[in-house]
file data21.csv (CSV, C-alpha atoms and all ligand atoms)
chain,number,residue,atom,x,y,z
A,9,MET,CA,13.7,-18.2,28.3
A,10,THR,CA,11.7,-15.1,27.4
A,11,LEU,CA,9.3,-14.8,24.6
A,12,ARG,CA,9.7,-11.0,24.5
A,13,ASN,CA,11.2,-9.9,21.2
A,14,GLU,CA,12.9,-6.6,22.0
A,15,ALA,CA,14.0,-5.8,18.4
A,16,ALA,CA,10.5,-6.4,17.0
A,17,LEU,CA,9.0,-4.2,19.7
A,18,ASP,CA,11.5,-1.4,19.1
A,19,PHE,CA,10.6,-1.6,15.4
A,20,LEU,CA,6.9,-1.4,16.0
A,21,ARG,CA,7.3,1.4,18.5
A,22,THR,CA,9.3,3.5,16.1
A,23,ARG,CA,8.1,2.4,12.6
A,24,ARG,CA,7.4,5.3,10.2
A,25,SER,CA,6.5,5.2,6.5
A,26,ARG,CA,8.8,7.1,4.1
A,27,PRO,CA,6.7,9.3,1.8
A,28,ALA,CA,6.7,7.9,-1.7
A,29,LYS,CA,7.7,11.3,-3.2
A,30,THR,CA,11.0,11.1,-1.2
A,31,LEU,CA,12.0,7.6,-2.4
A,32,THR,CA,14.6,7.1,-5.1
A,33,LYS,CA,16.5,4.3,-6.9
A,34,PRO,CA,17.5,1.6,-6.2
A,35,ALA,CA,14.2,-0.2,-5.4
A,36,PRO,CA,14.3,-3.8,-4.1
A,37,SER,CA,15.4,-6.4,-6.6
A,38,ARG,CA,13.0,-9.2,-7.4
A,39,ASP,CA,14.7,-11.5,-4.8
A,40,GLN,CA,14.6,-8.8,-2.2
A,41,LEU,CA,10.9,-8.1,-3.0
A,42,ILE,CA,10.1,-11.8,-2.6
A,43,GLU,CA,11.3,-11.7,1.0
A,44,ILE,CA,9.0,-8.7,1.6
A,45,LEU,CA,6.1,-10.4,-0.1
A,46,GLU,CA,6.5,-13.6,1.9
A,47,ALA,CA,6.6,-11.6,5.2
A,48,GLY,CA,3.9,-9.2,4.1
A,49,THR,CA,1.3,-11.8,3.1
A,50,ARG,CA,1.6,-13.5,6.5
A,51,VAL,CA,-1.5,-11.8,7.9
A,52,PRO,CA,-4.7,-12.6,9.7
A,53,ASP,CA,-7.2,-14.0,7.2
A,54,HIS,CA,-10.5,-15.3,8.7
A,55,GLY,CA,-11.4,-18.6,7.0
A,56,LYS,CA,-8.2,-18.7,5.1
A,57,LEU,CA,-9.9,-17.2,2.0
A,58,GLU,CA,-6.8,-15.3,0.9
A,59,PRO,CA,-9.1,-12.4,-0.2
A,60,TRP,CA,-6.4,-10.5,-2.0
A,61,ARG,CA,-3.9,-10.7,-4.9
A,62,LEU,CA,-0.9,-8.7,-5.7
A,63,LYS,CA,0.4,-7.1,-9.0
A,64,ILE,CA,4.0,-6.0,-9.0
A,65,LEU,CA,4.4,-2.7,-10.8
A,66,GLU,CA,7.9,-2.4,-12.0
A,67,LYS,CA,9.2,0.9,-13.6
A,68,PRO,CA,8.1,0.3,-17.2
A,69,THR,CA,4.6,-0.7,-15.9
A,70,LEU,CA,4.4,2.4,-13.7
A,71,GLU,CA,5.3,4.5,-16.8
A,72,LYS,CA,2.5,2.8,-18.8
A,73,ILE,CA,0.0,3.4,-15.9
A,74,ALA,CA,1.1,7.1,-15.8
A,75,SER,CA,0.3,7.5,-19.5
A,76,ALA,CA,-3.0,5.6,-19.2
A,77,ALA,CA,-3.9,7.7,-16.2
A,78,LYS,CA,-3.1,10.9,-18.1
A,79,LYS,CA,-5.4,9.8,-21.0
A,80,TYR,CA,-8.1,8.8,-18.6
A,81,CYS,CA,-8.0,12.1,-16.7
A,82,GLU,CA,-8.2,14.0,-20.0
A,83,SER,CA,-11.1,11.9,-21.1
A,84,ILE,CA,-13.1,12.9,-18.1
A,85,ASN,CA,-12.0,16.6,-18.3
A,86,CYS,CA,-10.0,16.7,-15.0
A,87,GLU,CA,-8.5,20.0,-14.1
A,88,GLU,CA,-4.7,20.1,-15.0
A,89,ALA,CA,-3.7,20.3,-11.3
A,90,VAL,CA,-5.9,17.3,-10.4
A,91,THR,CA,-4.4,15.3,-13.3
A,92,ALA,CA,-0.8,16.2,-12.3
A,93,LYS,CA,-1.4,15.1,-8.7
A,94,ALA,CA,-3.0,11.9,-9.7
A,95,LEU,CA,-0.2,11.0,-12.1
A,96,LYS,CA,2.7,11.9,-9.7
A,97,GLN,CA,2.9,8.6,-7.8
A,98,PHE,CA,3.1,6.6,-11.0
A,99,GLU,CA,5.6,8.9,-12.6
A,100,ASP,CA,7.8,9.0,-9.5
A,101,GLY,CA,7.5,5.4,-8.4
A,102,GLU,CA,10.4,2.9,-8.9
A,103,LEU,CA,8.5,-0.1,-7.7
A,104,GLY,CA,4.9,-0.5,-6.5
A,105,VAL,CA,2.9,-3.5,-5.2
A,106,LEU,CA,-0.8,-3.2,-6.1
A,107,VAL,CA,-2.7,-4.9,-3.3
A,108,ILE,CA,-6.1,-6.0,-4.7
A,109,GLU,CA,-8.9,-7.0,-2.3
A,110,VAL,CA,-10.7,-9.9,-3.9
A,111,GLN,CA,-14.1,-10.6,-2.3
A,112,LYS,CA,-14.5,-14.4,-2.1
A,113,PRO,CA,-18.0,-15.9,-1.8
A,114,SER,CA,-18.4,-17.2,1.7
A,115,GLU,CA,-21.4,-18.0,3.9
A,116,LYS,CA,-19.3,-17.6,7.0
A,117,ILE,CA,-16.8,-14.7,6.5
A,118,PRO,CA,-18.4,-11.3,6.1
A,119,GLU,CA,-17.2,-9.0,3.3
A,120,ILE,CA,-15.9,-6.4,5.8
A,121,GLU,CA,-13.5,-9.0,7.3
A,122,GLN,CA,-12.1,-9.7,3.9
A,123,THR,CA,-11.6,-6.0,3.5
A,124,TYR,CA,-9.7,-5.8,6.8
A,125,SER,CA,-7.5,-8.7,5.8
A,126,ALA,CA,-6.5,-6.8,2.6
A,127,GLY,CA,-5.7,-3.8,4.7
A,128,ALA,CA,-3.6,-6.0,6.9
A,129,VAL,CA,-1.6,-7.1,3.8
A,130,CYS,CA,-0.9,-3.4,3.0
A,131,LEU,CA,0.4,-2.6,6.5
A,132,SER,CA,2.3,-5.8,6.7
A,133,LEU,CA,4.0,-5.1,3.4
A,134,VAL,CA,5.0,-1.6,4.5
A,135,ASN,CA,6.4,-3.0,7.7
A,136,ALA,CA,8.3,-5.8,6.0
A,137,GLY,CA,9.8,-3.3,3.6
A,138,LEU,CA,10.8,-0.9,6.4
A,139,ALA,CA,12.2,-3.8,8.4
A,140,ALA,CA,14.3,-4.9,5.4
A,141,GLY,CA,15.8,-1.4,5.3
A,142,TRP,CA,13.8,0.1,2.4
A,143,GLY,CA,11.6,3.2,2.4
A,144,ALA,CA,7.9,2.2,2.0
A,145,ASN,CA,4.6,4.0,1.6
A,146,TRP,CA,1.0,3.0,1.3
A,147,LEU,CA,-0.9,5.2,-1.2
A,148,THR,CA,-4.2,5.2,-2.9
A,149,GLY,CA,-5.6,8.4,-4.5
A,150,TRP,CA,-9.0,8.8,-6.2
A,151,LEU,CA,-8.0,6.9,-9.3
A,152,SER,CA,-7.5,3.8,-7.1
A,153,HIS,CA,-11.2,4.0,-6.3
A,154,ASP,CA,-12.5,4.9,-9.8
A,155,ARG,CA,-14.2,1.8,-11.1
A,156,ASN,CA,-13.7,2.6,-14.8
A,157,PHE,CA,-10.0,3.3,-14.3
A,158,VAL,CA,-9.2,0.3,-12.2
A,159,SER,CA,-11.1,-2.1,-14.5
A,160,GLU,CA,-9.4,-0.8,-17.6
A,161,THR,CA,-5.9,-0.2,-16.3
A,162,PHE,CA,-5.5,-2.8,-13.6
A,163,GLY,CA,-7.9,-5.4,-15.0
A,164,LEU,CA,-9.9,-5.5,-11.8
A,165,ASP,CA,-13.1,-7.6,-11.8
A,166,THR,CA,-16.3,-6.4,-10.1
A,167,ASN,CA,-15.6,-8.3,-6.9
A,168,GLU,CA,-12.2,-6.6,-6.6
A,169,ARG,CA,-11.0,-3.2,-5.2
A,170,VAL,CA,-7.7,-1.5,-4.7
A,171,ALA,CA,-6.6,-1.8,-1.1
A,172,GLY,CA,-3.5,0.2,-1.8
A,173,ILE,CA,-0.3,0.6,-3.8
A,174,ILE,CA,2.7,0.1,-1.7
A,175,TYR,CA,5.8,1.9,-3.0
A,176,PHE,CA,9.3,0.8,-2.2
A,177,GLY,CA,12.6,2.5,-2.8
A,178,THR,CA,15.6,4.0,-1.1
A,179,GLU,CA,14.9,6.8,1.3
A,180,THR,CA,16.5,10.2,0.7
A,181,VAL,CA,15.3,11.9,3.9
A,182,THR,CA,14.1,10.7,7.2
A,183,PRO,CA,10.7,12.3,7.7
A,184,ALA,CA,9.8,14.2,10.8
A,185,GLU,CA,7.9,12.2,13.3
A,186,ARG,CA,4.1,12.2,12.8
A,187,PRO,CA,1.8,12.9,15.7
A,188,ARG,CA,0.7,9.6,17.2
A,189,PRO,CA,-2.5,8.8,19.0
A,190,ASN,CA,-2.9,9.9,22.6
A,191,LEU,CA,-4.0,6.6,24.2
A,192,ALA,CA,-5.9,8.5,26.9
A,193,GLU,CA,-8.2,9.7,24.2
A,194,ILE,CA,-8.9,6.5,22.3
A,195,VAL,CA,-8.7,3.8,25.0
A,196,THR,CA,-11.2,3.0,27.7
A,197,TRP,CA,-10.5,0.4,30.4
A,198,GLU,CA,-13.6,-1.5,31.3
B,201,LIG,C1,-5.8,3.2,2.9
B,201,LIG,C2,-4.7,4.3,3.0
B,201,LIG,C3,-4.5,5.1,1.8
B,201,LIG,C4,-3.6,6.1,1.9
B,201,LIG,N1,-3.4,6.9,0.8
B,201,LIG,C5,-2.5,7.9,0.8
B,201,LIG,C6,-2.3,8.7,-0.3
B,201,LIG,O1,-2.9,8.5,-1.4
B,201,LIG,N2,-1.5,9.8,-0.2
B,201,LIG,C7,-0.8,10.0,1.0
B,201,LIG,O2,-0.1,11.0,1.0
B,201,LIG,N3,-0.9,9.3,2.0
B,201,LIG,C8,-1.8,8.2,2.0
B,201,LIG,N4,-1.9,7.4,3.1
B,201,LIG,C9,-1.1,7.7,4.3
B,201,LIG,C10,0.2,7.0,4.4
B,201,LIG,O3,0.3,5.8,3.8
B,201,LIG,C11,0.7,6.8,5.8
B,201,LIG,O4,-0.4,6.4,6.6
B,201,LIG,C12,1.3,8.0,6.5
B,201,LIG,O5,2.3,8.6,5.7
B,201,LIG,C13,1.9,7.7,7.9
B,201,LIG,O6,2.2,6.4,8.0
B,201,LIG,P1,3.2,5.9,9.2
B,201,LIG,O7,2.4,5.6,10.4
B,201,LIG,O8,3.8,4.6,8.6
B,201,LIG,O9,4.2,6.9,9.4
B,201,LIG,C14,-2.8,6.3,3.1
B,201,LIG,C15,-3.0,5.5,4.2
B,201,LIG,C16,-4.0,4.5,4.1
B,201,LIG,C17,-4.2,3.7,5.4
call {"tool": "encode", "arguments": {"input": "data21.csv", "output": "C-alpha cells"}}
result
Amino acid sequence: MTLRNEAALDFLRTRRSRPAKTLTKPAPSRDQLIEILEAGTRVPDHGKLEPWRLKILEKPTLEKIASAAKKYCESINCEEAVTAKALKQFEDGELGVLVIEVQKPSEKIPEIEQTYSAGAVCLSLVNAGLAAGWGANWLTGWLSHDRNFVSETFGLDTNERVAGIIYFGTETVTPAERPRPNLAEIVTWE
C-alpha cells in the first residue's frame, strides 16, 4: 500500500487562485461553504489556541461594507481613484470569508506563530475552495489594515487583525500561469 496521494500532489503542483474580479455567480451555497470551512480550518495551530475567527460576508453584507467603505474613504478625503479601487472587491464580490487573526494570550506561543496560523487558514480556504471546483482568491487591500475601518466596519477588537478576505465564486476565465519560484534561487541544501 502506498501513502502517496497522486491527486492531492497534482492539485498542489498546479493550484492557481482565480482573481476575484473574474469571479461571478453562483457562489457556494451555505452547505457547500461549510465543506470548505471544515477543510480550510484544519491547519497547523501551535498550542491549539485557534487564533482566528471567520465572518461570512454574503452579498447583502458585502453591499453594506461597500457603502461603509465609500463613506469612510470620503471622510478621510481619499482620491476618487483610491476609493474606487478600495470598494471594488466589496462591490464585485458574491461571497467572502473574512479571516480574522485573534491574538490569544499565551506564555508559550509567540504572537508571530498565531499570525502564521491565521495565514495558514487563508491559504487552506483558498485551496479547499479550488479543490471543490470554485474560483477562490485571497485579498486584503489597505482598508483591511486600517484600524479605524476594521474596528467600525468589521467589529474587530484591539487584539484582532484582518488576515485576509477569501472570495469564492464561479470562474469565468482560467488565468494565465503565474511565474513560480525558481527553487535554485531560494533553496540551499546544507
Ligand atoms: C496576505 C495576502 C494579501 C493579498 N492581497 C491581495 C490584494 O489585495 N489584491 C490582489 O490582487 N492580490 C492579493 N494577493 C495575491 C493573491 O491572493 C494571490 O496570491 C495571487 O493571485 C496568486 O496566487 P496563486 O498562487 O494561488 O495563483 C494577496 C496575497 C496575500 C498572501
call {"tool": "closest_atom_pairs", "arguments": {"input": "data21.csv", "of": "chain A", "to": "ligand LIG 201 (chain B)", "cutoff": "8 Å", "atoms": "only C-alpha atoms and all ligand atoms", "output": "CSV"}}
result
residue,atom,partner,partner_atom,distance
A:Arg23,CA,B:LIG201,O8,6.3
A:Arg24,CA,B:LIG201,O9,3.7
A:Ser25,CA,B:LIG201,O8,3.5
A:Arg26,CA,B:LIG201,O5,6.9
A:Pro27,CA,B:LIG201,O5,5.9
A:Ala28,CA,B:LIG201,O2,7.9
A:Gly127,CA,B:LIG201,C1,7.2
A:Leu131,CA,B:LIG201,C17,7.9
A:Val134,CA,B:LIG201,O8,7.5
A:Asn145,CA,B:LIG201,O3,5.2
A:Trp146,CA,B:LIG201,O3,3.8
A:Leu147,CA,B:LIG201,N1,3.6
A:Thr148,CA,B:LIG201,O1,3.9
A:Gly149,CA,B:LIG201,O1,4.1
A:Trp150,CA,B:LIG201,O1,7.8
A:Ala171,CA,B:LIG201,C1,6.5
A:Gly172,CA,B:LIG201,C1,6.0
A:Glu185,CA,B:LIG201,O9,7.5
A:Arg186,CA,B:LIG201,O9,6.3
call {"tool": "atom_distance", "arguments": {"input": "data21.csv", "atom1": "CA of Ala144 (chain A)", "atom2": "CA of Thr91 (chain A)"}}
result
23.6 Å
call {"tool": "atom_distance", "arguments": {"input": "data21.csv", "atom1": "CA of Lys33 (chain A)", "atom2": "CA of Leu138 (chain A)"}}
result
15.4 Å
call {"tool": "residues_around", "arguments": {"input": "data21.csv", "residues": "Leu133 (chain A)", "least_positions_apart": "2", "cutoff": "12 Å", "atoms": "all atoms listed in the file", "output": "PyMOL selection string"}}
result
chain A and resi 25+41-51+62+104-107+126-131+135-140+142-146+171-176
call {"tool": "atom_distance", "arguments": {"input": "data21.csv", "atom1": "CA of Gly55 (chain A)", "atom2": "CA of Thr123 (chain A)"}}
result
13.1 Å
call {"tool": "closest_residue", "arguments": {"input": "data21.csv", "among": "A:Leu11, A:Ile64, A:Val170, A:Leu103", "to": "Arg155 (chain A)", "atoms": "only C-alpha atoms"}}
result
A:Val170
call {"tool": "residues_around", "arguments": {"input": "data21.csv", "residues": "region 163-168 of chain A", "least_positions_apart": "3", "cutoff": "12 Å", "atoms": "all atoms listed in the file", "output": "MDAnalysis selection string"}}
result
chainID A and resid 59:63 73 106:113 119 122:123 126 152:160 171
call {"tool": "closest_residue", "arguments": {"input": "data21.csv", "among": "A:Thr30, A:Thr182, A:Thr161, A:Asn13", "to": "Ala74 (chain A)", "atoms": "only C-alpha atoms"}}
result
A:Thr161
call {"tool": "closest_residue", "arguments": {"input": "data21.csv", "among": "A:Leu191, A:Trp197, A:Gly141, A:Gly101", "to": "Phe19 (chain A)", "atoms": "all atoms listed in the file"}}
result
A:Gly141
call {"tool": "residues_near_point", "arguments": {"input": "data21.csv", "point": "(12.9, 8.8, -2.9)", "cutoff": "6 Å", "atoms": "all atoms listed in the file", "output": "list in words"}}
result
Lys29, Thr30, Leu31, Thr32, Thr178, Glu179 and Thr180 of chain A
call {"tool": "closest_residue", "arguments": {"input": "data21.csv", "among": "A:Arg169, A:Leu57, A:Thr10, A:Glu99", "to": "Ala76 (chain A)", "atoms": "only C-alpha atoms"}}
result
A:Glu99
call {"tool": "closest_residue", "arguments": {"input": "data21.csv", "among": "A:Leu95, A:Ala184, A:Asp39, A:Glu193", "to": "Glu82 (chain A)", "atoms": "all atoms listed in the file"}}
result
A:Leu95
